[in-house]
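coords_38.cif (mmCIF, N, CA and C atoms)
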data_input
loop_
_atom_site.label_atom_id
_atom_site.label_comp_id
_atom_site.auth_asym_id
_atom_site.auth_seq_id
_atom_site.Cartn_x
_atom_site.Cartn_y
_atom_site.Cartn_z
N MET A 46 -32.01 -147.27 -63.91
CA MET A 46 -33.33 -147.24 -63.32
C MET A 46 -33.42 -146.02 -62.40
N LEU A 47 -34.60 -145.54 -62.22
CA LEU A 47 -34.85 -144.30 -61.50
C LEU A 47 -35.39 -144.57 -60.11
N ASP A 48 -34.90 -143.81 -59.15
CA ASP A 48 -35.39 -143.92 -57.79
C ASP A 48 -35.63 -142.51 -57.25
N PRO A 49 -36.59 -142.32 -56.36
CA PRO A 49 -36.95 -140.97 -55.92
C PRO A 49 -35.99 -140.32 -54.93
N ALA A 50 -34.87 -140.93 -54.63
CA ALA A 50 -33.96 -140.34 -53.65
C ALA A 50 -33.52 -138.93 -54.04
N GLY A 51 -33.41 -138.65 -55.32
CA GLY A 51 -32.96 -137.34 -55.78
C GLY A 51 -34.08 -136.37 -56.11
N PHE A 52 -35.32 -136.74 -55.80
CA PHE A 52 -36.43 -135.86 -56.11
C PHE A 52 -36.40 -134.65 -55.19
N VAL A 53 -36.80 -133.49 -55.72
CA VAL A 53 -36.91 -132.28 -54.91
C VAL A 53 -37.96 -132.53 -53.84
N ASP A 54 -37.71 -132.14 -52.63
CA ASP A 54 -38.63 -132.35 -51.50
C ASP A 54 -38.93 -133.82 -51.28
N GLY A 55 -38.15 -134.72 -51.84
CA GLY A 55 -38.39 -136.14 -51.68
C GLY A 55 -39.62 -136.66 -52.41
N ARG A 56 -40.29 -135.81 -53.20
CA ARG A 56 -41.50 -136.26 -53.88
C ARG A 56 -41.68 -135.68 -55.28
N ARG A 57 -40.94 -134.66 -55.65
CA ARG A 57 -41.15 -133.98 -56.93
C ARG A 57 -39.89 -134.08 -57.78
N LEU A 58 -40.06 -134.58 -58.99
CA LEU A 58 -38.96 -134.66 -59.94
C LEU A 58 -39.12 -133.52 -60.93
N LEU A 59 -38.17 -132.60 -60.94
CA LEU A 59 -38.16 -131.52 -61.91
C LEU A 59 -37.10 -131.88 -62.93
N THR A 60 -37.50 -132.03 -64.16
CA THR A 60 -36.61 -132.51 -65.21
C THR A 60 -36.76 -131.67 -66.47
N VAL A 61 -35.82 -131.82 -67.37
CA VAL A 61 -35.93 -131.17 -68.67
C VAL A 61 -36.50 -132.13 -69.71
N ILE A 62 -36.68 -133.39 -69.32
CA ILE A 62 -37.23 -134.38 -70.23
C ILE A 62 -38.74 -134.19 -70.32
N ARG A 63 -39.25 -134.16 -71.55
CA ARG A 63 -40.70 -134.02 -71.72
C ARG A 63 -41.42 -135.20 -71.09
N THR A 64 -42.55 -134.93 -70.50
CA THR A 64 -43.27 -135.97 -69.77
C THR A 64 -43.96 -136.98 -70.69
N ASP A 65 -43.99 -136.72 -71.99
CA ASP A 65 -44.60 -137.68 -72.92
C ASP A 65 -43.57 -138.56 -73.62
N ARG A 66 -42.29 -138.39 -73.28
CA ARG A 66 -41.23 -139.16 -73.93
C ARG A 66 -40.96 -140.46 -73.18
N PRO A 67 -41.04 -141.60 -73.88
CA PRO A 67 -40.70 -142.86 -73.21
C PRO A 67 -39.19 -142.95 -72.98
N ILE A 68 -38.84 -143.57 -71.87
CA ILE A 68 -37.44 -143.73 -71.48
C ILE A 68 -37.16 -145.22 -71.38
N ALA A 69 -36.06 -145.65 -71.95
CA ALA A 69 -35.65 -147.05 -71.85
C ALA A 69 -35.04 -147.29 -70.48
N LEU A 70 -35.54 -148.29 -69.78
CA LEU A 70 -35.07 -148.62 -68.43
C LEU A 70 -34.53 -150.04 -68.43
N ILE A 71 -33.35 -150.22 -67.83
CA ILE A 71 -32.73 -151.54 -67.75
C ILE A 71 -32.15 -151.73 -66.35
N ALA A 72 -32.43 -152.86 -65.76
CA ALA A 72 -31.85 -153.18 -64.46
C ALA A 72 -30.39 -153.57 -64.67
N PRO A 73 -29.49 -153.09 -63.83
CA PRO A 73 -28.06 -153.40 -64.00
C PRO A 73 -27.77 -154.90 -64.10
N GLU A 74 -28.47 -155.70 -63.29
CA GLU A 74 -28.21 -157.13 -63.33
C GLU A 74 -28.63 -157.75 -64.66
N ASP A 75 -29.59 -157.14 -65.35
CA ASP A 75 -30.01 -157.65 -66.65
C ASP A 75 -28.96 -157.40 -67.73
N ILE A 76 -28.15 -156.39 -67.55
CA ILE A 76 -27.05 -156.16 -68.49
C ILE A 76 -26.08 -157.32 -68.41
N GLY A 77 -25.73 -157.72 -67.20
CA GLY A 77 -24.83 -158.85 -67.01
C GLY A 77 -25.42 -160.15 -67.53
N LYS A 78 -26.71 -160.39 -67.27
CA LYS A 78 -27.36 -161.61 -67.76
C LYS A 78 -27.38 -161.64 -69.29
N SER A 79 -27.60 -160.50 -69.89
CA SER A 79 -27.63 -160.44 -71.36
C SER A 79 -26.25 -160.68 -71.95
N ALA A 80 -25.24 -160.11 -71.33
CA ALA A 80 -23.86 -160.35 -71.79
C ALA A 80 -23.51 -161.83 -71.65
N ALA A 81 -23.89 -162.43 -70.54
CA ALA A 81 -23.61 -163.86 -70.33
C ALA A 81 -24.33 -164.70 -71.38
N ALA A 82 -25.55 -164.35 -71.72
CA ALA A 82 -26.29 -165.10 -72.74
C ALA A 82 -25.58 -165.03 -74.07
N ALA A 83 -25.06 -163.86 -74.42
CA ALA A 83 -24.34 -163.70 -75.69
C ALA A 83 -23.04 -164.50 -75.69
N ILE A 84 -22.37 -164.57 -74.56
CA ILE A 84 -21.12 -165.33 -74.47
C ILE A 84 -21.40 -166.83 -74.56
N HIS A 85 -22.47 -167.28 -73.94
CA HIS A 85 -22.81 -168.70 -73.92
C HIS A 85 -23.45 -169.19 -75.22
N ASP A 86 -23.98 -168.26 -76.00
CA ASP A 86 -24.64 -168.65 -77.26
C ASP A 86 -24.22 -167.69 -78.38
N PRO A 87 -22.94 -167.72 -78.74
CA PRO A 87 -22.44 -166.76 -79.74
C PRO A 87 -23.12 -166.91 -81.11
N ALA A 88 -23.54 -168.09 -81.47
CA ALA A 88 -24.17 -168.27 -82.78
C ALA A 88 -25.47 -167.46 -82.87
N THR A 89 -26.23 -167.43 -81.79
CA THR A 89 -27.49 -166.70 -81.78
C THR A 89 -27.27 -165.19 -81.79
N PHE A 90 -26.28 -164.74 -81.05
CA PHE A 90 -26.10 -163.30 -80.86
C PHE A 90 -25.05 -162.66 -81.78
N ASN A 91 -24.37 -163.45 -82.59
CA ASN A 91 -23.35 -162.91 -83.50
C ASN A 91 -23.97 -161.88 -84.45
N GLY A 92 -23.44 -160.68 -84.43
CA GLY A 92 -23.91 -159.61 -85.31
C GLY A 92 -25.18 -158.92 -84.86
N VAL A 93 -25.72 -159.31 -83.72
CA VAL A 93 -26.97 -158.73 -83.23
C VAL A 93 -26.66 -157.49 -82.39
N THR A 94 -27.39 -156.42 -82.66
CA THR A 94 -27.30 -155.22 -81.83
C THR A 94 -28.61 -155.08 -81.08
N LEU A 95 -28.53 -155.12 -79.77
CA LEU A 95 -29.71 -154.97 -78.92
C LEU A 95 -29.58 -153.70 -78.09
N GLN A 96 -30.57 -152.87 -78.16
CA GLN A 96 -30.67 -151.74 -77.24
C GLN A 96 -31.50 -152.25 -76.07
N LEU A 97 -30.83 -152.66 -75.01
CA LEU A 97 -31.52 -153.35 -73.90
C LEU A 97 -32.45 -152.43 -73.12
N ALA A 98 -33.61 -152.95 -72.84
CA ALA A 98 -34.56 -152.28 -71.95
C ALA A 98 -35.54 -153.32 -71.45
N GLY A 99 -35.79 -153.30 -70.17
CA GLY A 99 -36.83 -154.14 -69.60
C GLY A 99 -38.17 -153.45 -69.70
N ASP A 100 -38.15 -152.13 -69.82
CA ASP A 100 -39.37 -151.33 -69.90
C ASP A 100 -39.11 -150.06 -70.69
N LEU A 101 -40.15 -149.57 -71.32
CA LEU A 101 -40.18 -148.24 -71.92
C LEU A 101 -41.33 -147.50 -71.26
N LEU A 102 -41.00 -146.52 -70.42
CA LEU A 102 -42.01 -145.79 -69.66
C LEU A 102 -41.75 -144.30 -69.71
N THR A 103 -42.81 -143.51 -69.59
CA THR A 103 -42.65 -142.07 -69.43
C THR A 103 -42.36 -141.79 -67.96
N LEU A 104 -41.85 -140.62 -67.69
CA LEU A 104 -41.58 -140.26 -66.29
C LEU A 104 -42.86 -140.26 -65.43
N PRO A 105 -44.01 -139.79 -65.94
CA PRO A 105 -45.22 -139.90 -65.12
C PRO A 105 -45.61 -141.35 -64.84
N GLN A 106 -45.39 -142.25 -65.78
CA GLN A 106 -45.68 -143.67 -65.52
C GLN A 106 -44.75 -144.22 -64.43
N ILE A 107 -43.50 -143.80 -64.47
CA ILE A 107 -42.54 -144.21 -63.43
C ILE A 107 -42.99 -143.67 -62.08
N ALA A 108 -43.37 -142.40 -62.05
CA ALA A 108 -43.83 -141.80 -60.79
C ALA A 108 -45.07 -142.50 -60.25
N ASP A 109 -45.96 -142.91 -61.14
CA ASP A 109 -47.17 -143.63 -60.70
C ASP A 109 -46.80 -144.96 -60.03
N ILE A 110 -45.88 -145.69 -60.63
CA ILE A 110 -45.44 -146.96 -60.04
C ILE A 110 -44.81 -146.73 -58.68
N LEU A 111 -43.91 -145.76 -58.59
CA LEU A 111 -43.25 -145.48 -57.32
C LEU A 111 -44.25 -145.00 -56.27
N SER A 112 -45.22 -144.20 -56.69
CA SER A 112 -46.24 -143.71 -55.76
C SER A 112 -47.01 -144.88 -55.16
N ARG A 113 -47.38 -145.81 -56.01
CA ARG A 113 -48.14 -146.97 -55.55
C ARG A 113 -47.31 -147.82 -54.60
N LEU A 114 -46.04 -148.05 -54.94
CA LEU A 114 -45.19 -148.91 -54.12
C LEU A 114 -44.82 -148.26 -52.78
N ASP A 115 -44.59 -146.96 -52.80
CA ASP A 115 -44.14 -146.27 -51.59
C ASP A 115 -45.28 -145.68 -50.76
N GLY A 116 -46.49 -145.67 -51.33
CA GLY A 116 -47.62 -145.14 -50.59
C GLY A 116 -47.57 -143.64 -50.40
N LYS A 117 -46.90 -142.94 -51.30
CA LYS A 117 -46.92 -141.47 -51.27
C LYS A 117 -46.88 -140.97 -52.70
N GLU A 118 -47.31 -139.74 -52.88
CA GLU A 118 -47.46 -139.22 -54.23
C GLU A 118 -46.17 -138.58 -54.73
N TYR A 119 -45.66 -139.12 -55.82
CA TYR A 119 -44.55 -138.51 -56.54
C TYR A 119 -45.10 -137.81 -57.76
N VAL A 120 -44.56 -136.67 -58.06
CA VAL A 120 -45.00 -135.93 -59.25
C VAL A 120 -43.80 -135.60 -60.10
N VAL A 121 -44.06 -135.44 -61.39
CA VAL A 121 -43.02 -135.11 -62.35
C VAL A 121 -43.39 -133.81 -63.04
N GLN A 122 -42.45 -132.91 -63.12
CA GLN A 122 -42.66 -131.65 -63.83
C GLN A 122 -41.52 -131.47 -64.82
N SER A 123 -41.88 -131.15 -66.04
CA SER A 123 -40.88 -130.85 -67.05
C SER A 123 -40.70 -129.35 -67.08
N GLY A 124 -39.44 -128.92 -67.07
CA GLY A 124 -39.17 -127.49 -67.07
C GLY A 124 -37.97 -127.16 -67.95
N THR A 125 -37.50 -125.97 -67.80
CA THR A 125 -36.34 -125.51 -68.55
C THR A 125 -35.05 -125.98 -67.88
N VAL A 126 -33.97 -125.85 -68.60
CA VAL A 126 -32.66 -126.17 -68.02
C VAL A 126 -32.43 -125.33 -66.77
N GLU A 127 -32.78 -124.06 -66.84
CA GLU A 127 -32.56 -123.16 -65.71
C GLU A 127 -33.37 -123.59 -64.49
N GLU A 128 -34.62 -124.01 -64.70
CA GLU A 128 -35.44 -124.47 -63.59
C GLU A 128 -34.89 -125.75 -62.98
N ALA A 129 -34.42 -126.65 -63.82
CA ALA A 129 -33.86 -127.91 -63.33
C ALA A 129 -32.58 -127.66 -62.54
N VAL A 130 -31.76 -126.75 -63.01
CA VAL A 130 -30.52 -126.41 -62.30
C VAL A 130 -30.86 -125.76 -60.95
N ALA A 131 -31.84 -124.88 -60.93
CA ALA A 131 -32.25 -124.24 -59.67
C ALA A 131 -32.77 -125.28 -58.68
N ALA A 132 -33.31 -126.39 -59.18
CA ALA A 132 -33.82 -127.46 -58.31
C ALA A 132 -32.71 -128.41 -57.87
N GLY A 133 -31.48 -128.19 -58.38
CA GLY A 133 -30.36 -129.00 -57.92
C GLY A 133 -29.71 -129.89 -58.94
N LEU A 134 -30.20 -129.91 -60.17
CA LEU A 134 -29.59 -130.74 -61.21
C LEU A 134 -28.33 -130.06 -61.73
N HIS A 135 -27.28 -130.81 -61.92
CA HIS A 135 -26.02 -130.27 -62.44
C HIS A 135 -26.28 -129.65 -63.82
N PRO A 136 -25.74 -128.45 -64.10
CA PRO A 136 -26.01 -127.79 -65.38
C PRO A 136 -25.65 -128.64 -66.60
N GLY A 137 -24.53 -129.34 -66.56
CA GLY A 137 -24.15 -130.19 -67.69
C GLY A 137 -25.10 -131.35 -67.89
N VAL A 138 -25.55 -131.91 -66.77
CA VAL A 138 -26.51 -133.01 -66.85
C VAL A 138 -27.83 -132.49 -67.41
N ALA A 139 -28.29 -131.35 -66.92
CA ALA A 139 -29.55 -130.77 -67.40
C ALA A 139 -29.50 -130.51 -68.90
N ARG A 140 -28.41 -129.92 -69.36
CA ARG A 140 -28.29 -129.66 -70.81
C ARG A 140 -28.23 -130.96 -71.59
N GLY A 141 -27.50 -131.94 -71.06
CA GLY A 141 -27.38 -133.23 -71.74
C GLY A 141 -28.70 -133.97 -71.84
N LEU A 142 -29.51 -133.87 -70.81
CA LEU A 142 -30.80 -134.57 -70.81
C LEU A 142 -31.77 -134.03 -71.85
N THR A 143 -31.57 -132.80 -72.30
CA THR A 143 -32.46 -132.26 -73.32
C THR A 143 -32.40 -133.08 -74.61
N TYR A 144 -31.30 -133.79 -74.82
CA TYR A 144 -31.16 -134.64 -76.01
C TYR A 144 -32.23 -135.73 -76.02
N MET A 145 -32.64 -136.17 -74.85
CA MET A 145 -33.64 -137.23 -74.77
C MET A 145 -34.99 -136.80 -75.35
N ASN A 146 -35.21 -135.50 -75.48
CA ASN A 146 -36.46 -135.00 -76.05
C ASN A 146 -36.52 -135.15 -77.56
N VAL A 147 -35.37 -135.32 -78.19
CA VAL A 147 -35.33 -135.42 -79.65
C VAL A 147 -34.71 -136.72 -80.16
N ALA A 148 -34.01 -137.43 -79.29
CA ALA A 148 -33.34 -138.66 -79.70
C ALA A 148 -34.36 -139.76 -79.97
N PRO A 149 -34.12 -140.57 -80.97
CA PRO A 149 -35.04 -141.69 -81.19
C PRO A 149 -34.93 -142.70 -80.05
N VAL A 150 -36.04 -143.31 -79.72
CA VAL A 150 -36.05 -144.36 -78.69
C VAL A 150 -35.76 -145.67 -79.42
N LEU A 151 -34.58 -146.20 -79.20
CA LEU A 151 -34.13 -147.38 -79.95
C LEU A 151 -34.45 -148.70 -79.25
N ALA A 152 -34.55 -148.66 -77.96
CA ALA A 152 -34.75 -149.90 -77.21
C ALA A 152 -36.12 -150.50 -77.51
N ARG A 153 -36.12 -151.81 -77.66
CA ARG A 153 -37.36 -152.55 -77.90
C ARG A 153 -37.33 -153.80 -77.02
N PRO A 154 -37.99 -153.76 -75.86
CA PRO A 154 -37.98 -154.92 -74.98
C PRO A 154 -38.44 -156.20 -75.67
N GLU A 155 -39.37 -156.09 -76.59
CA GLU A 155 -39.88 -157.27 -77.27
C GLU A 155 -38.80 -157.93 -78.14
N LEU A 156 -37.86 -157.15 -78.66
CA LEU A 156 -36.77 -157.73 -79.45
C LEU A 156 -35.85 -158.56 -78.56
N ALA A 157 -35.51 -158.04 -77.40
CA ALA A 157 -34.67 -158.80 -76.47
C ALA A 157 -35.38 -160.10 -76.06
N ARG A 158 -36.68 -160.01 -75.80
CA ARG A 158 -37.44 -161.21 -75.44
C ARG A 158 -37.43 -162.24 -76.58
N SER A 159 -37.44 -161.77 -77.83
CA SER A 159 -37.42 -162.70 -78.96
C SER A 159 -36.12 -163.49 -79.02
N TYR A 160 -35.07 -163.01 -78.37
CA TYR A 160 -33.79 -163.72 -78.27
C TYR A 160 -33.70 -164.53 -76.98
N GLY A 161 -34.80 -164.64 -76.28
CA GLY A 161 -34.83 -165.45 -75.07
C GLY A 161 -34.36 -164.73 -73.82
N LEU A 162 -34.15 -163.43 -73.90
CA LEU A 162 -33.72 -162.67 -72.73
C LEU A 162 -34.95 -162.27 -71.91
N SER A 163 -34.92 -162.56 -70.65
CA SER A 163 -36.01 -162.22 -69.75
C SER A 163 -35.56 -161.04 -68.90
N LEU A 164 -35.95 -159.85 -69.33
CA LEU A 164 -35.52 -158.63 -68.64
C LEU A 164 -36.63 -158.14 -67.72
N MET A 165 -36.25 -157.68 -66.54
CA MET A 165 -37.26 -157.30 -65.56
C MET A 165 -37.85 -155.94 -65.87
N SER A 166 -39.10 -155.81 -65.51
CA SER A 166 -39.80 -154.54 -65.66
C SER A 166 -39.30 -153.56 -64.60
N PHE A 167 -39.62 -152.29 -64.81
CA PHE A 167 -39.27 -151.29 -63.82
C PHE A 167 -39.94 -151.60 -62.48
N GLU A 168 -41.21 -151.98 -62.55
CA GLU A 168 -41.92 -152.27 -61.30
C GLU A 168 -41.29 -153.43 -60.54
N THR A 169 -40.89 -154.47 -61.25
CA THR A 169 -40.23 -155.60 -60.58
C THR A 169 -38.93 -155.15 -59.94
N TRP A 170 -38.14 -154.36 -60.66
CA TRP A 170 -36.89 -153.84 -60.12
C TRP A 170 -37.14 -153.00 -58.87
N ALA A 171 -38.12 -152.09 -58.95
CA ALA A 171 -38.43 -151.22 -57.81
C ALA A 171 -38.91 -152.03 -56.62
N ARG A 172 -39.73 -153.05 -56.87
CA ARG A 172 -40.21 -153.93 -55.79
C ARG A 172 -39.03 -154.63 -55.11
N GLN A 173 -38.11 -155.15 -55.91
CA GLN A 173 -36.94 -155.83 -55.35
C GLN A 173 -36.11 -154.88 -54.51
N ARG A 174 -35.89 -153.68 -54.99
CA ARG A 174 -35.10 -152.70 -54.23
C ARG A 174 -35.74 -152.37 -52.89
N ARG A 175 -37.05 -152.47 -52.82
CA ARG A 175 -37.77 -152.14 -51.60
C ARG A 175 -38.06 -153.37 -50.75
N GLY A 176 -37.61 -154.53 -51.20
CA GLY A 176 -37.86 -155.76 -50.46
C GLY A 176 -39.32 -156.17 -50.46
N LEU A 177 -40.04 -155.85 -51.53
CA LEU A 177 -41.47 -156.14 -51.61
C LEU A 177 -41.79 -157.40 -52.40
N THR A 178 -40.79 -158.14 -52.82
CA THR A 178 -41.07 -159.34 -53.61
C THR A 178 -41.07 -160.58 -52.75
#

Could the structure of this file be written out as C-alpha cells, please?
Amino acid sequence: MLDPAGFVDGRRLLTVIRTDRPIALIAPEDIGKSAAAAIHDPATFNGVTLQLAGDLLTLPQIADILSRLDGKEYVVQSGTVEEAVAAGLHPGVARGLTYMNVAPVLARPELARSYGLSLMSFETWARQRRGLT
C-alpha cells in the first residue's frame, strides 16, 4: 500500500509509472488472512492461484483518496527514470518500476471475494493507518 511519506515536498509523487495504469493494492494483514483461509479450507483453495488485491487503482485515484483523508492536495506526475532518480528514487527501483507500464494487471479483487475473502480497500487501509475509523 502507498503512503505519502516518500512524496517529494511531502505532496508530490514523481514516478515512472504511467498515471493511467491500475495498480494492485493489498493490505499486509489481508495477506495473512488469505493464507489462513487457505490453510483452514484446503479443499476450496487447492490448486487456486489468486493474485491478491483489495483494490485496483491508478496513482491519481490513490492521490485523490489521500488528499481527501489528509486535507491537503497530493499530486502525481509520471516522468522519466532520470527525473524520478533526480527526485530521490533509487535508480534500480526507478528502472524496475517501468515494468509496471507494460506488465499485465493480474489481480482481480472480485475473484478473491468469490472465494469468501474480504479484502480491505485502499481507502479503508489508509483510514485505519490514520486512526480515522

Self-check item: Surrounding residues of stretch 140-142 of chain A excluding itself and chain neighbours under 6 positions, 6 Å, all atoms listed in the file, as a list of chain:residue names
Solution: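 Here the answer would be A:Val61, A:Ile62, A:Val126.
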
Saved selection, atoms kept: N, CA and C atoms, as a PDB file, in the frame of the given file:
ATOM      1  N   VAL A  61     -35.820-131.820 -67.370  1.00  0.00           N
ATOM      2  CA  VAL A  61     -35.930-131.170 -68.670  1.00  0.00           C
ATOM      3  C   VAL A  61     -36.500-132.130 -69.710  1.00  0.00           C
ATOM      4  N   ILE A  62     -36.680-133.390 -69.320  1.00  0.00           N
ATOM      5  CA  ILE A  62     -37.230-134.380 -70.230  1.00  0.00           C
ATOM      6  C   ILE A  62     -38.740-134.190 -70.320  1.00  0.00           C
ATOM      7  N   VAL A 126     -33.970-125.850 -68.600  1.00  0.00           N
ATOM      8  CA  VAL A 126     -32.660-126.170 -68.020  1.00  0.00           C
ATOM      9  C   VAL A 126     -32.430-125.330 -66.770  1.00  0.00           C
TER      10      VAL A 126
END

Self-check item: Using only C-alpha atoms: which of A:Ser163, A:Gln122, A:Thr89, A:Thr178 has the shortest distance to A:Ala108
Solution: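 The closest residue to A:Ala108 is A:Gln122.
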
Practice problem: Excluding A:Ala129 and any residue of its chain fewer than 5 positions from it, enumerate the residues within 7 Å of it, using only N, CA and C atoms, and give them as a list of chain:residue names. | Solution: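 So the residues in contact are A:Leu59, A:Thr60, A:Val61, A:Gly124, A:Leu134, A:His135, A:Ala139.
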
Quiz item: Looking at A:Arg153, A:Arg56, A:Arg172, A:Arg158, which one is nearest to A:Leu70, with distances taken over only C-alpha atoms?
Solution: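 Between A:Arg153, A:Arg56, A:Arg172, A:Arg158, the residue approaching A:Leu70 most closely is A:Arg153.
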
Exercise. Counting only N, CA and C atoms, note down every residue that has an atom within 5 Å of the point (-44.0, -133.2, -69.2) (file coordinates), as a ChimeraX atom specification.
Key: /A:63-65,123

Quiz item: If you run DSSP on the backbone, which residues of chain A are strand (DSSP E or B), as a list in words?
Solution: Val53, Arg57, Leu58, Leu59, Thr60, Ile68, Ala69, Leu70, Asp100, Leu101, Leu102, Val120, Val121, Gln122 and Ser123 of chain A

Quiz item: So which residues touch A:Tyr119 within 6.5 Å, counting only N, CA and C atoms, skipping near sequence neighbours fewer than 4 positions away, as a ChimeraX atom specification?
Solution: /A:56-58,108-109,111-112

Quiz item: Which of these, A:Val130, A:Leu114, A:Phe90, A:Pro154, has the shortest distance to A:Ala171 once you count only N, CA and C atoms?
Solution: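 Comparing A:Val130, A:Leu114, A:Phe90, A:Pro154 against A:Ala171, the winner is A:Leu114.
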
Quiz prompt | Residue nearest A:Thr143 - candidates A:Gly92, A:Leu156, A:Thr125, A:Gly99, atoms counted: only C-alpha atoms | solution = A:Thr125

Practice problem: Find, counting only C-alpha atoms, the residue in A:Ala72, A:Pro67, A:Ala132, A:Ile107 that gets nearest to A:Val120. | Solution: A:Ile107

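Minimum distance to A:Thr103 across A:Ala88, A:Ala83, A:Ile68, A:Leu151 (counting all atoms listed in the file) occurs at A:Ile68.
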
Quiz item: Could you pull out the alpha helix (DSSP H) residues of stretch 110-178 of chain A from DSSP and send them as a ChimeraX atom specification?
Solution: /A:110-115,126-131,136-142,154-159,167-174

Quiz item: So what do you get for atom CA of A:Ala98 versus atom CA of A:Asp86, distance-wise?
Solution: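 Between atom CA of A:Ala98 and atom CA of A:Asp86 the gap is 19.9 Å.
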
Exercise. Tell me which residues the PyMOL selection byres (((chain A and resi 149 and name CA) around 12) and name CA) grabs here, as a list in words.
Key: Arg66, Pro67, Ile68, Ala69, Gln96, Tyr144, Met145, Asn146, Val147, Ala148, Val150, Leu151, Ala152 and Arg153 of chain A

Just the selected residues (N, CA and C atoms), exported as a CSV table (one decimal), keeping the file's coordinate frame, please.
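And here is the file that came out, out-v7.csv:
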chain,number,residue,atom,x,y,z
A,66,ARG,N,-42.3,-138.4,-73.3
A,66,ARG,CA,-41.2,-139.2,-73.9
A,66,ARG,C,-41.0,-140.5,-73.2
A,67,PRO,N,-41.0,-141.6,-73.9
A,67,PRO,CA,-40.7,-142.9,-73.2
A,67,PRO,C,-39.2,-143.0,-73.0
A,68,ILE,N,-38.8,-143.6,-71.9
A,68,ILE,CA,-37.4,-143.7,-71.5
A,68,ILE,C,-37.2,-145.2,-71.4
A,69,ALA,N,-36.1,-145.6,-72.0
A,69,ALA,CA,-35.6,-147.0,-71.8
A,69,ALA,C,-35.0,-147.3,-70.5
A,96,GLN,N,-30.6,-152.9,-78.2
A,96,GLN,CA,-30.7,-151.7,-77.2
A,96,GLN,C,-31.5,-152.2,-76.1
A,144,TYR,N,-31.3,-133.8,-74.8
A,144,TYR,CA,-31.2,-134.6,-76.0
A,144,TYR,C,-32.2,-135.7,-76.0
A,145,MET,N,-32.6,-136.2,-74.8
A,145,MET,CA,-33.6,-137.2,-74.8
A,145,MET,C,-35.0,-136.8,-75.4
A,146,ASN,N,-35.2,-135.5,-75.5
A,146,ASN,CA,-36.5,-135.0,-76.0
A,146,ASN,C,-36.5,-135.2,-77.6
A,147,VAL,N,-35.4,-135.3,-78.2
A,147,VAL,CA,-35.3,-135.4,-79.6
A,147,VAL,C,-34.7,-136.7,-80.2
A,148,ALA,N,-34.0,-137.4,-79.3
A,148,ALA,CA,-33.3,-138.7,-79.7
A,148,ALA,C,-34.4,-139.8,-80.0
A,150,VAL,N,-36.0,-143.3,-79.7
A,150,VAL,CA,-36.0,-144.4,-78.7
A,150,VAL,C,-35.8,-145.7,-79.4
A,151,LEU,N,-34.6,-146.2,-79.2
A,151,LEU,CA,-34.1,-147.4,-80.0
A,151,LEU,C,-34.4,-148.7,-79.2
A,152,ALA,N,-34.6,-148.7,-78.0
A,152,ALA,CA,-34.8,-149.9,-77.2
A,152,ALA,C,-36.1,-150.5,-77.5
A,153,ARG,N,-36.1,-151.8,-77.7
A,153,ARG,CA,-37.4,-152.6,-77.9
A,153,ARG,C,-37.3,-153.8,-77.0

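In this structure, atom N of A:Ser159 sits 28.4 Å away from atom C of A:Arg175.
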
Quiz item: What is the distance between atom N of A:Met165 and atom N of A:Ile110, in Å to one decimal?
Solution: 16.5 Å

With 6 Å of padding per side, what axis-aligned box (centre and edge lengths, Å, one decimal) covers all the listed atoms of stretch 68-78 of chain A? Give it as JSON.
{"center_x": -31.8, "center_y": -152.6, "center_z": -67.6, "size_x": 26.0, "size_y": 30.1, "size_z": 20.7}
